[in-house]
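Okay, so here's the structure we're looking at.
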Amino acid sequence: MDETDIKKTWVEVKDYLALHLDYGKLTAVEKLSVLLSAVALFAVLLVICIFVIFIIALGLVLWLANVLGSYWIALLLVALILLGLIATVFYMRKQWITDPVTRFVTRLFLTPEDLDNEKKRNT
């Protein structure tokens, strides 16, 4: 084996590693953009939901004030309803928030083969 063969092999190895590095960068950028767009969508939907809940609560207060004849009782009832909603979301946070986010990120960053290998190691 002469020196030109070694140089050619070294150049091919460097090109191969550079291509794999570029592929890794592109994959990371793709997955990061999907993750960030999901976070942005969630933030926009959260703001819209906050406004919708505020308007619904305000309408409920006005309706209850007409029915009950007292604004402060209506405000207290709506506050209790909202506290119940907050408690329910807090109690169900694992099923409604943590598990879906974990599944999304896992599917985004791991391939099915990675998941199968992990299952085999755990059993």
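Within each chain, counting starts at residue 1; across the structure tokens, chains are named A, B, ... in the order shown, with ligands numbered 1 upward in that order.
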Residues near Lys31 of chain A, anyone? I mean within 9 Å using only C-alpha atoms, not counting same-chain ones fewer than 5 positions away, as a PDB file with N, CA, C and O atoms, in the first residue's frame.
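Below is the file result-v4.pdb, written as the result:
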```
ATOM      1  N   LEU A  26     -28.493  18.571  10.286  1.00  0.00           N
ATOM      2  CA  LEU A  26     -29.791  18.758   9.631  1.00  0.00           C
ATOM      3  C   LEU A  26     -30.911  18.067  10.404  1.00  0.00           C
ATOM      4  O   LEU A  26     -32.006  18.618  10.551  1.00  0.00           O
ATOM      5  N   LEU A  36     -39.977  23.524  18.518  1.00  0.00           N
ATOM      6  CA  LEU A  36     -40.242  24.943  18.772  1.00  0.00           C
ATOM      7  C   LEU A  36     -41.567  25.401  18.170  1.00  0.00           C
ATOM      8  O   LEU A  36     -42.259  26.232  18.758  1.00  0.00           O
ATOM      9  N   LEU A 108     -40.351  12.311  18.742  1.00  0.00           N
ATOM     10  CA  LEU A 108     -39.629  13.267  17.910  1.00  0.00           C
ATOM     11  C   LEU A 108     -38.140  12.947  17.849  1.00  0.00           C
ATOM     12  O   LEU A 108     -37.535  12.978  16.780  1.00  0.00           O
ATOM     13  N   PHE A 109     -37.542  12.613  18.984  1.00  0.00           N
ATOM     14  CA  PHE A 109     -36.095  12.447  19.035  1.00  0.00           C
ATOM     15  C   PHE A 109     -35.616  11.004  18.942  1.00  0.00           C
ATOM     16  O   PHE A 109     -34.443  10.770  18.659  1.00  0.00           O
TER      17      PHE A 109
END
```
Across A:Val101, A:Leu85, A:Ile50, A:Leu58, the smallest distance to Tyr71 of chain A, with only C-alpha atoms counted, is shown by A:Leu58
Quiz item: Nearest to Leu110 of chain A among A:Val11, A:Ala18, A:Ala28, A:Met92, with distances taken over only C-alpha atoms: which residue is it?
Solution: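 So, comparing all the options, the nearest one is A:Ala28.
Taking atom CA of Leu64 of chain A as the reference point, atom CA of Val78 of chain A is found at 8.8 Å.
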Worksheet item: Do you know which residues are at most 10 Å from segment 52-57 of chain A counting only C-alpha atoms, after dropping those on the same chain fewer than 2 positions away, and could you put them as a PyMOL selection string?
Response: chain A and resi 46-50+59-63+75+78-79+81-82
- Message: Using Å and a single decimal, report how far atom CA of Phe42 of chain A sits from atom CA of Thr111 of chain A.
- Response: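 These atoms are spaced 24.1 Å apart.
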Distance atom CA of Ile97 of chain A-atom CA of Val39 of chain A, one decimal place?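 Atom-to-atom, atom CA of Ile97 of chain A and atom CA of Val39 of chain A are spaced 12.8 Å apart.
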